[in-house]
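Q: Here you go, query_17.txt (compact mmCIF, C-alpha atoms (C1' of nucleotides)):
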# COMPACT_ATOMS: atom_id res chain seq x y z
CA MET A 12 101.17 117.93 87.05
CA GLU A 13 101.72 119.64 90.37
CA GLY A 14 99.50 122.34 88.96
CA LYS A 15 96.68 119.86 88.78
CA LEU A 16 97.04 119.25 92.48
CA LYS A 17 96.82 122.94 93.28
CA ASP A 18 93.85 123.37 90.97
CA HIS A 19 91.99 120.95 93.16
CA GLY A 20 93.03 122.70 96.36
CA TYR A 21 95.79 120.32 97.38
CA ARG A 22 99.24 121.44 98.44
CA ALA A 23 102.26 120.41 96.43
CA THR A 24 104.39 119.07 99.26
CA THR A 25 107.83 117.53 99.03
CA GLY A 26 106.44 114.08 99.69
CA ARG A 27 103.83 114.35 96.97
CA LYS A 28 106.41 115.56 94.49
CA ALA A 29 108.63 112.62 95.40
CA ILE A 30 105.78 110.22 94.68
CA LEU A 31 105.01 111.86 91.36
CA ASP A 32 108.70 111.58 90.56
CA VAL A 33 108.75 107.89 91.27
CA LEU A 34 105.71 107.36 89.08
CA THR A 35 107.24 109.38 86.28
CA ASN A 36 110.57 107.60 86.29
CA THR A 37 109.82 103.95 86.77
CA LYS A 38 108.12 101.08 85.09
CA LYS A 39 104.45 100.54 85.49
CA HIS A 40 102.33 98.47 87.84
CA LEU A 41 103.90 99.75 91.02
CA SER A 42 102.27 98.80 94.28
CA ALA A 43 101.95 101.30 97.08
CA GLU A 44 104.82 99.61 98.83
CA ASP A 45 107.02 99.75 95.74
CA ILE A 46 106.38 103.45 95.57
CA TYR A 47 107.00 103.85 99.26
CA LEU A 48 110.36 102.12 99.02
CA LYS A 49 111.48 104.09 95.98
CA ALA A 50 110.31 107.40 97.37
CA HIS A 51 112.61 106.84 100.32
CA SER A 52 115.66 107.48 98.22
CA ASP A 53 114.43 110.99 97.41
CA TYR A 54 112.74 111.80 100.62
CA LEU A 55 113.77 109.68 103.51
CA SER A 56 111.11 110.27 106.07
CA ILE A 57 108.01 109.54 104.01
CA GLY A 58 105.55 107.09 105.55
CA LEU A 59 103.49 104.37 103.90
CA ALA A 60 100.25 105.95 105.05
CA SER A 61 101.09 109.16 103.23
CA VAL A 62 101.82 107.22 100.10
CA TYR A 63 98.35 105.73 100.25
CA ARG A 64 96.79 109.10 100.97
CA THR A 65 98.65 110.75 98.12
CA LEU A 66 97.81 107.99 95.69
CA GLU A 67 94.14 108.33 96.49
CA ILE A 68 94.32 112.02 95.75
CA LEU A 69 96.20 111.45 92.50
CA VAL A 70 93.57 108.96 91.38
CA ASN A 71 90.74 111.36 92.20
CA VAL A 72 92.44 114.22 90.43
CA GLY A 73 92.89 112.04 87.37
CA ILE A 74 96.66 111.85 87.19
CA VAL A 75 97.02 108.23 88.17
CA HIS A 76 95.23 105.04 87.28
CA LYS A 77 94.64 102.37 89.90
CA PHE A 78 94.61 98.74 88.84
CA ASN A 79 93.54 95.58 90.47
CA PHE A 80 94.78 92.45 88.84
CA ARG A 81 94.10 89.08 90.38
CA ASP A 82 95.58 89.59 93.80
CA ARG A 83 94.65 92.00 96.52
CA ILE A 84 97.50 94.36 95.86
CA ALA A 85 96.49 97.56 94.12
CA ARG A 86 98.86 98.89 91.50
CA TYR A 87 99.27 102.40 90.22
CA GLU A 88 100.54 104.12 87.13
CA LEU A 89 100.57 107.58 85.61
CA ILE A 90 97.96 108.25 82.98
CA LYS A 91 99.72 109.24 79.79
CA GLU A 92 97.84 111.97 78.05
CA THR A 93 99.78 111.94 74.79
CA ASN A 94 97.66 109.28 73.19
CA GLY A 95 94.99 106.87 74.25
CA LYS A 96 97.06 103.79 73.84
CA GLY A 97 99.56 104.22 76.57
CA SER A 98 99.27 101.40 78.87
CA HIS A 99 96.16 99.54 79.71
CA HIS A 100 96.53 96.40 77.67
CA HIS A 101 97.75 93.39 79.52
CA LEU A 102 98.34 89.70 79.19
CA ILE A 103 98.08 88.16 82.62
CA CYS A 104 99.33 84.68 83.39
CA THR A 105 96.89 82.96 85.69
CA VAL A 106 99.57 80.62 86.98
CA CYS A 107 102.60 82.76 87.78
CA HIS A 108 100.77 86.13 87.74
CA LYS A 109 103.25 87.65 85.37
CA ILE A 110 101.93 90.68 83.52
CA ILE A 111 102.97 91.39 79.95
CA ASP A 112 102.16 94.77 78.48
CA TYR A 113 101.58 94.79 74.80
CA GLU A 114 101.64 97.77 72.55
CA ASP A 115 101.21 95.95 69.27
CA PHE A 116 97.97 95.67 67.41
CA VAL A 117 96.62 98.31 69.70
CA ASP A 118 95.93 100.76 66.91
CA GLU A 119 93.29 98.65 65.27
CA GLU A 120 91.93 97.58 68.61
CA LEU A 121 91.76 101.16 69.66
CA ALA A 122 89.76 102.19 66.63
CA LEU A 123 87.06 99.75 67.54
CA LEU A 124 87.19 100.49 71.21
CA LYS A 125 86.74 104.17 70.46
CA GLN A 126 83.75 103.38 68.35
CA THR A 127 82.28 101.17 71.02
CA GLU A 128 82.97 103.89 73.52
CA LYS A 129 80.91 106.29 71.50
CA HIS A 130 78.01 103.88 71.28
CA LEU A 131 78.12 103.08 74.95
CA SER A 132 78.41 106.69 76.02
CA LYS A 133 75.28 107.48 74.12
CA LYS A 134 73.25 104.48 75.17
CA TYR A 135 74.07 104.53 78.86
CA ASN A 136 74.80 108.23 79.25
CA PHE A 137 78.13 107.21 80.61
CA LYS A 138 81.12 109.49 80.35
CA ILE A 139 84.10 107.27 79.56
CA ILE A 140 87.45 108.46 80.82
CA ASN A 141 89.65 105.49 80.08
CA HIS A 142 89.59 101.78 79.56
CA MET A 143 91.52 98.62 80.21
CA THR A 144 91.73 95.31 78.41
CA GLN A 145 93.03 92.22 80.09
CA TYR A 146 93.67 88.83 78.55
CA PHE A 147 93.98 85.96 80.97
CA GLY A 148 95.83 82.79 80.18
CA LEU A 149 99.12 80.96 80.31
CA CYS A 150 102.50 82.48 79.59
CA GLU A 151 105.22 80.73 77.64
CA GLU A 152 107.07 79.35 80.65
CA CYS A 153 103.95 78.12 82.40
CA ILE A 154 102.81 76.32 79.25
CA LYS A 155 106.14 74.49 79.25
CA LYS A 156 105.87 73.63 82.92
CA GLU A 157 102.42 72.14 82.41
CA GLU A 158 103.76 69.56 79.97
CA MET B 21 79.61 71.11 86.08
CA GLU B 22 80.04 68.83 89.05
CA GLY B 23 81.60 66.49 86.57
CA LYS B 24 84.35 68.98 85.96
CA LEU B 25 85.14 68.92 89.65
CA LYS B 26 85.47 65.16 89.69
CA ASP B 27 87.56 65.18 86.53
CA HIS B 28 90.09 67.20 88.44
CA GLY B 29 90.01 64.91 91.44
CA TYR B 30 87.77 67.02 93.66
CA ARG B 31 84.77 65.68 95.50
CA ALA B 32 81.31 67.00 94.73
CA THR B 33 80.23 67.80 98.24
CA THR B 34 76.95 69.32 99.35
CA GLY B 35 78.62 72.62 100.16
CA ARG B 36 80.29 72.87 96.77
CA LYS B 37 77.01 72.08 95.02
CA ALA B 38 75.30 74.79 97.05
CA ILE B 39 77.90 77.32 95.95
CA LEU B 40 77.56 76.32 92.31
CA ASP B 41 73.82 76.68 92.74
CA VAL B 42 74.16 80.18 94.05
CA LEU B 43 76.41 81.14 91.18
CA THR B 44 74.03 79.63 88.67
CA ASN B 45 70.93 81.33 90.00
CA THR B 46 71.98 84.87 90.82
CA LYS B 47 73.20 87.98 89.22
CA LYS B 48 76.87 88.43 88.61
CA HIS B 49 79.65 90.12 90.52
CA LEU B 50 79.07 88.29 93.78
CA SER B 51 81.63 88.64 96.51
CA ALA B 52 82.67 85.69 98.62
CA GLU B 53 80.54 87.01 101.42
CA ASP B 54 77.49 87.41 99.15
CA ILE B 55 77.90 83.79 98.16
CA TYR B 56 78.41 82.72 101.73
CA LEU B 57 75.21 84.45 102.83
CA LYS B 58 73.13 83.05 99.98
CA ALA B 59 74.53 79.55 100.36
CA HIS B 60 73.26 79.55 103.92
CA SER B 61 69.66 79.27 102.77
CA ASP B 62 70.46 75.98 101.04
CA TYR B 63 73.01 74.60 103.37
CA LEU B 64 73.01 76.16 106.75
CA SER B 65 76.29 75.13 108.24
CA ILE B 66 78.63 76.29 105.49
CA GLY B 67 81.56 78.41 106.61
CA LEU B 68 83.14 81.40 104.94
CA ALA B 69 86.51 79.67 104.73
CA SER B 70 85.00 76.85 102.73
CA VAL B 71 83.44 79.32 100.37
CA TYR B 72 86.87 80.78 99.71
CA ARG B 73 88.40 77.36 99.30
CA THR B 74 85.70 76.24 96.91
CA LEU B 75 85.89 79.40 94.86
CA GLU B 76 89.61 78.98 94.43
CA ILE B 77 89.05 75.47 93.14
CA LEU B 78 86.32 76.59 90.78
CA VAL B 79 88.59 79.26 89.37
CA ASN B 80 91.43 76.78 88.87
CA VAL B 81 89.14 74.27 87.23
CA GLY B 82 87.91 76.96 84.87
CA ILE B 83 84.25 77.15 85.88
CA VAL B 84 84.38 80.52 87.54
CA HIS B 85 85.97 83.83 86.71
CA LYS B 86 87.43 85.98 89.46
CA PHE B 87 87.28 89.74 89.06
CA ASN B 88 88.91 92.59 90.80
CA PHE B 89 87.37 95.94 90.22
CA ARG B 90 88.55 99.00 92.08
CA ASP B 91 88.16 97.87 95.65
CA ARG B 92 89.81 95.04 97.49
CA ILE B 93 86.82 92.76 97.32
CA ALA B 94 87.13 89.96 94.81
CA ARG B 95 84.02 89.10 92.84
CA TYR B 96 83.10 85.86 91.16
CA GLU B 97 80.90 84.72 88.32
CA LEU B 98 80.27 81.59 86.30
CA ILE B 99 81.96 81.40 82.94
CA LYS B 100 79.28 80.94 80.32
CA GLU B 101 80.43 78.52 77.69
CA THR B 102 77.68 79.11 75.18
CA ASN B 103 79.46 81.95 73.44
CA GLY B 104 82.41 84.12 74.08
CA LYS B 105 80.48 87.22 74.77
CA GLY B 106 78.88 86.36 78.05
CA SER B 107 79.95 88.73 80.59
CA HIS B 108 83.24 90.43 80.80
CA HIS B 109 82.39 93.85 79.47
CA HIS B 110 81.83 96.49 82.08
CA LEU B 111 81.27 100.18 82.54
CA ILE B 112 82.54 101.13 85.97
CA CYS B 113 81.65 104.42 87.59
CA THR B 114 84.69 105.79 89.36
CA VAL B 115 82.56 107.84 91.72
CA CYS B 116 79.80 105.54 93.00
CA HIS B 117 81.46 102.28 91.88
CA LYS B 118 78.36 101.10 90.10
CA ILE B 119 79.03 98.43 87.50
CA ILE B 120 77.02 98.28 84.30
CA ASP B 121 77.28 95.20 82.14
CA TYR B 122 76.77 95.78 78.49
CA GLU B 123 76.00 93.20 75.89
CA ASP B 124 75.54 95.52 72.95
CA PHE B 125 78.14 96.15 70.33
CA VAL B 126 80.01 93.20 71.66
CA ASP B 127 79.81 91.24 68.45
CA GLU B 128 81.93 93.64 66.49
CA GLU B 129 84.16 94.22 69.43
CA LEU B 130 84.59 90.54 69.85
CA ALA B 131 85.61 90.01 66.28
CA LEU B 132 88.49 92.36 66.72
CA LEU B 133 89.41 91.06 70.11
CA LYS B 134 89.56 87.55 68.72
CA GLN B 135 91.81 88.74 65.97
CA THR B 136 94.03 90.56 68.41
CA GLU B 137 94.05 87.45 70.53
CA LYS B 138 95.40 85.43 67.67
CA HIS B 139 98.18 87.93 67.01
CA LEU B 140 99.13 88.14 70.64
CA SER B 141 99.11 84.39 71.15
CA LYS B 142 101.55 83.99 68.35
CA LYS B 143 103.84 86.84 69.26
CA TYR B 144 104.12 86.18 72.97
CA ASN B 145 103.47 82.44 72.95
CA PHE B 146 100.67 83.12 75.34
CA LYS B 147 97.67 80.82 75.57
CA ILE B 148 94.66 83.08 76.03
CA ILE B 149 91.76 81.64 77.97
CA ASN B 150 89.49 84.62 78.36
CA HIS B 151 89.47 88.37 78.47
CA MET B 152 87.88 91.33 80.15
CA THR B 153 87.24 94.87 79.04
CA GLN B 154 86.55 97.63 81.50
CA TYR B 155 85.59 101.20 80.77
CA PHE B 156 86.07 103.65 83.60
CA GLY B 157 84.15 106.88 83.86
CA LEU B 158 81.10 108.59 85.23
CA CYS B 159 77.60 107.15 85.27
CA GLU B 160 74.48 109.13 84.47
CA GLU B 161 73.60 109.98 88.08
CA CYS B 162 77.11 110.97 89.03
CA ILE B 163 77.37 113.26 86.02
CA LYS B 164 74.24 115.02 87.25
CA LYS B 165 75.57 115.28 90.78
CA GLU B 166 78.78 116.89 89.58
CA GLU B 167 76.90 119.80 88.05
C1' DG C 23 88.50 52.64 106.11
C1' DT C 24 91.11 56.12 103.83
C1' DC C 25 91.60 60.40 102.37
C1' DC C 26 89.65 64.69 101.34
C1' DA C 27 86.72 68.54 102.89
C1' DT C 28 84.75 71.39 106.57
C1' DG C 29 84.09 74.63 110.39
C1' DC C 30 85.88 77.36 113.62
C1' DA C 31 89.11 80.52 115.32
C1' DA C 32 93.28 82.60 114.87
C1' DA C 33 96.76 84.71 111.73
C1' DA C 34 98.09 87.22 107.81
C1' DG C 35 98.68 91.15 105.13
C1' DG C 36 97.25 95.21 102.44
C1' DT C 37 94.94 99.41 103.43
C1' DT C 38 92.76 102.98 106.43
C1' DT C 39 92.33 105.91 110.41
C1' DG C 40 93.25 108.76 114.86
C1' DC C 41 96.10 111.79 116.78
C1' DA C 42 99.75 114.93 117.91
C1' DC C 43 103.27 117.31 115.38
C1' DA C 44 105.16 119.57 111.16
C1' DA C 45 104.97 121.95 106.90
C1' DT C 46 102.63 124.82 103.46
C1' DC C 47 100.31 128.81 101.88
C1' DG D 12 98.84 132.16 111.81
C1' DA D 13 95.44 129.14 110.06
C1' DT D 14 94.89 125.15 107.78
C1' DT D 15 96.35 121.16 105.48
C1' DG D 16 99.62 117.26 105.37
C1' DT D 17 102.64 113.83 107.80
C1' DG D 18 104.45 109.96 110.50
C1' DC D 19 103.62 106.53 113.58
C1' DA D 20 100.95 102.98 115.50
C1' DA D 21 96.79 100.92 116.04
C1' DA D 22 92.54 99.43 113.82
C1' DC D 23 90.23 97.40 109.93
C1' DC D 24 88.63 93.97 106.90
C1' DT D 25 89.12 90.53 103.34
C1' DT D 26 91.37 86.42 102.72
C1' DT D 27 94.29 82.44 104.27
C1' DT D 28 95.77 78.82 107.34
C1' DG D 29 96.04 75.20 111.27
C1' DC D 30 93.84 71.74 113.34
C1' DA D 31 90.56 68.51 114.97
C1' DT D 32 86.16 66.68 113.29
C1' DG D 33 82.97 65.13 109.70
C1' DG D 34 81.75 63.39 105.09
C1' DA D 35 82.63 61.35 100.37
C1' DC D 36 84.21 57.60 97.75
Starting from the file, lay out its structure as structure tokens.

A:
Amino acid sequence: MEGKLKDHGYRATTGRKAILDVLTNTKKHLSAEDIYLKAHSDYLSIGLASVYRTLEILVNVGIVHKFNFRDRIARYELIKETNGKGSHHHLICTVCHKIIDYEDFVDEELALLKQTEKHLSKKYNFKIINHMTQYFGLCEECIKKEE
Amino acid sequence: MEGKLKDHGYRATTGRKAILDVLTNTKKHLSAEDIYLKAHSDYLSIGLASVYRTLEILVNVGIVHKFNFRDRIARYELIKETNGKGSHHHLICTVCHKIIDYEDFVDEELALLKQTEKHLSKKYNFKIINHMTQYFGLCEECIKKEE
DNA sequence: GTCCATGCAAAAGGTTTGCACAATC
DNA sequence: GATTGTGCAAACCTTTTGCATGGAC
């Protein structure tokens, strides 16, 4: 993964490695500040600005995916290359903003999405790199609270 | 549509009607500032803060959908009630940030999404209100530029 | 007439940028 | 040793909020 940085002419500095480490070893949907705080344990002097700069590079290089849910806080996660169904399927509660990742039923969904991808690529001459599906609605607790 | 405002206890003011008008009569993916600028032609004295306040209400009431693409600018569009396949399928170029809406192939896609929706609702006790699919990649022009 | 909505300006808060210093190759 | 990356603080820009005034019911 550090190799990918060097391939693109970027240096593999201690700070960047620390950030990659954080992304590798934690749950998803981390904000820049989350990453900044966690990276401190490995590498005390890192600054928030560098975290942002590194994340931008990682997104451009294709290692990291940047999300925007409903709020203005960007969230980041590693792109898993093992299969296409890693991570980008979410249930988002519009009341409490909780995010549930689901991994079920993704196989069948994926089959169709792949097919659609093929159609779309051809029709719009668009090179698809990845995708994201979001369902908006009410989570269990917020349904109860509404009653 | 104004009725829906009143049902929820909100007043149907001139400014709010102007905003609904803008949303009804323009293309999608408008930012708050876009709406603010366009609303000025109908209703000169409207302020940006009121646009934000109105948009928040419209989202809560379920008339408008709020999007976040890659940047920090929120975008808004009317929710079409006629069918489920109105609007929330996008191809997003990660280089030039162009957004292409596609309407093709949505029928089949929708069938599966609906099915997945049912499964997910049951499993997570989540009440799904709407969904969005985004494909990230490179648009035709940006592919050419890369060469 | 009461209460809600508005406009303006100021504040908030996530992200970006300028600059001198430090680290990498 | 040259160039790229970093930390800090200040700037930026979208969105939110406070408050006195205006408009809807």

Q: So how far away is atom C1' of D:DT15 from atom CA of A:Leu31, in Å?

A: 19.0 Å

Q: From (86.7, 104.6, 80.3), in the file's coordinates, out to 7 Å: which residues are reached, counting only C-alpha atoms (C1' of nucleotides)? Answer as a VMD selection string.

A: (chain A and resid 139 to 142) or (chain B and resid 155 to 157)

Q: For atom CA of B:Gly35 and atom CA of A:Val106, quote the distance in Å rounded to one decimal.

A: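 Atom CA of A:Val106 lies 26.0 Å from atom CA of B:Gly35.
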
Q: Go through D:DA13, D:DC36, D:DC19, D:DA31 and flag the residue nearest chain A, using all atoms listed in the file for the distances.

A: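 When distances to chain A are compared using all atoms listed in the file, the smallest one comes from D:DC19.
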
Q: Compute the set of chain D residues within 8 Å of chain A, using only C-alpha atoms (C1' of nucleotides), and express it as a PDB file with C-alpha atoms (C1' of nucleotides), in the frame of the given file.

A:
ATOM      1  C1'  DT D  15      96.350 121.160 105.480  1.00  0.00           C
ATOM      2  C1'  DG D  16      99.620 117.260 105.370  1.00  0.00           C
ATOM      3  C1'  DT D  17     102.640 113.830 107.800  1.00  0.00           C
ATOM      4  C1'  DG D  18     104.450 109.960 110.500  1.00  0.00           C
TER       5       DG D  18
END

Q: I'd like the contact shell of stretch 25-28 of chain D - 12 Å cut-off, only C-alpha atoms (C1' of nucleotides), skipping same-chain residues fewer than 5 positions apart - returned as number ranges by chain.

A: A: 82-84; B: 51-53, 68-73, 75-76, 91-95; C: 30-37

Q: Next, write the just-selected residues to a file, as a PDB file, keeping the file's coordinate frame, keeping C-alpha atoms (C1' of nucleotides) as the atom set.

A:
ATOM      1  CA  ASP A  82      95.580  89.590  93.800  1.00  0.00           C
ATOM      2  CA  ARG A  83      94.650  92.000  96.520  1.00  0.00           C
ATOM      3  CA  ILE A  84      97.500  94.360  95.860  1.00  0.00           C
TER       4      ILE A  84
ATOM      5  CA  SER B  51      81.630  88.640  96.510  1.00  0.00           C
ATOM      6  CA  ALA B  52      82.670  85.690  98.620  1.00  0.00           C
ATOM      7  CA  GLU B  53      80.540  87.010 101.420  1.00  0.00           C
ATOM      8  CA  LEU B  68      83.140  81.400 104.940  1.00  0.00           C
ATOM      9  CA  ALA B  69      86.510  79.670 104.730  1.00  0.00           C
ATOM     10  CA  SER B  70      85.000  76.850 102.730  1.00  0.00           C
ATOM     11  CA  VAL B  71      83.440  79.320 100.370  1.00  0.00           C
ATOM     12  CA  TYR B  72      86.870  80.780  99.710  1.00  0.00           C
ATOM     13  CA  ARG B  73      88.400  77.360  99.300  1.00  0.00           C
ATOM     14  CA  LEU B  75      85.890  79.400  94.860  1.00  0.00           C
ATOM     15  CA  GLU B  76      89.610  78.980  94.430  1.00  0.00           C
ATOM     16  CA  ASP B  91      88.160  97.870  95.650  1.00  0.00           C
ATOM     17  CA  ARG B  92      89.810  95.040  97.490  1.00  0.00           C
ATOM     18  CA  ILE B  93      86.820  92.760  97.320  1.00  0.00           C
ATOM     19  CA  ALA B  94      87.130  89.960  94.810  1.00  0.00           C
ATOM     20  CA  ARG B  95      84.020  89.100  92.840  1.00  0.00           C
TER      21      ARG B  95
ATOM     22  C1'  DC C  30      85.880  77.360 113.620  1.00  0.00           C
ATOM     23  C1'  DA C  31      89.110  80.520 115.320  1.00  0.00           C
ATOM     24  C1'  DA C  32      93.280  82.600 114.870  1.00  0.00           C
ATOM     25  C1'  DA C  33      96.760  84.710 111.730  1.00  0.00           C
ATOM     26  C1'  DA C  34      98.090  87.220 107.810  1.00  0.00           C
ATOM     27  C1'  DG C  35      98.680  91.150 105.130  1.00  0.00           C
ATOM     28  C1'  DG C  36      97.250  95.210 102.440  1.00  0.00           C
ATOM     29  C1'  DT C  37      94.940  99.410 103.430  1.00  0.00           C
TER      30       DT C  37
END

Q: Please identify every residue of chain B that has at least one atom no farther than 10 Å from an atom of chain A, counting all atoms listed in the file, and for each give the shortest atom pair and the distance in Å to one decimal, arranged by chain then increasing number, as a tab-separated table.

A:
residue	atom	partner	partner_atom	distance
B:Val79	CA	A:Thr105	CA	9.8
B:Asn80	CA	A:Thr105	CA	8.8
B:Lys86	CA	A:Arg81	CA	7.4
B:Phe87	CA	A:Arg81	CA	7.0
B:Asn88	CA	A:Asn79	CA	5.5
B:Phe89	CA	A:Asn79	CA	6.2
B:Arg90	CA	A:Asn79	CA	6.3
B:Asp91	CA	A:Asn79	CA	7.8
B:Arg92	CA	A:Arg83	CA	5.8
B:Ile93	CA	A:Arg83	CA	7.9
B:Ala94	CA	A:Arg83	CA	8.0
B:His108	CA	A:Gln145	CA	10.0
B:His109	CA	A:Thr144	CA	9.5
B:His110	CA	A:His142	CA	9.7
B:Leu111	CA	A:Phe137	CA	7.9
B:Ile112	CA	A:Ile139	CA	9.0
B:Cys113	CA	A:Phe137	CA	8.3
B:Thr114	CA	A:Asn71	CA	8.7
B:Val115	CA	A:Asn71	CA	8.9
B:Ile120	CA	A:Tyr135	CA	8.8
B:Tyr122	CA	A:Leu131	CA	8.2
B:Asp124	CA	A:Leu131	CA	8.2
B:Phe125	CA	A:Thr127	CA	6.5
B:Val126	CA	A:Thr127	CA	8.3
B:Glu128	CA	A:Leu123	CA	8.0
B:Glu129	CA	A:Leu123	CA	6.5
B:Leu130	CA	A:Leu123	CA	9.8
B:Ala131	CA	A:Leu123	CA	9.9
B:Leu132	CA	A:Glu120	CA	6.5
B:Leu133	CA	A:Glu120	CA	7.1
B:Gln135	CA	A:Glu120	CA	9.2
B:Thr136	CA	A:Phe116	CA	6.5
B:Glu137	CA	A:Tyr146	CA	8.1
B:His139	CA	A:Phe116	CA	7.8
B:Leu140	CA	A:Asp115	CA	8.2
B:Ser141	CA	A:Cys150	CA	9.3
B:Lys143	CA	A:Asp115	CA	9.5
B:Tyr144	CA	A:Glu151	CA	7.3
B:Asn145	CA	A:Glu151	CA	5.3
B:Phe146	CA	A:Cys150	CA	4.7
B:Lys147	CA	A:Leu149	CA	5.0
B:Ile148	CA	A:Gly148	CA	4.3
B:Ile149	CA	A:Gly148	CA	4.8
B:Asn150	CA	A:Phe147	CA	5.4
B:His151	CA	A:Tyr146	CA	4.2
B:Met152	CA	A:Gln145	CA	5.2
B:Thr153	CA	A:Thr144	CA	4.6
B:Gln154	CA	A:Met143	CA	5.2
B:Tyr155	CA	A:His142	CA	4.2
B:Phe156	CA	A:Asn141	CA	5.3
B:Gly157	CA	A:Ile139	CA	4.3
B:Leu158	CA	A:Lys138	CA	5.0
B:Cys159	CA	A:Phe137	CA	4.7
B:Glu160	CA	A:Asn136	CA	5.3
B:Glu161	CA	A:Asn136	CA	9.1
B:Cys162	CA	A:Phe137	CA	9.3
B:Ile163	CA	A:Lys138	CA	7.8
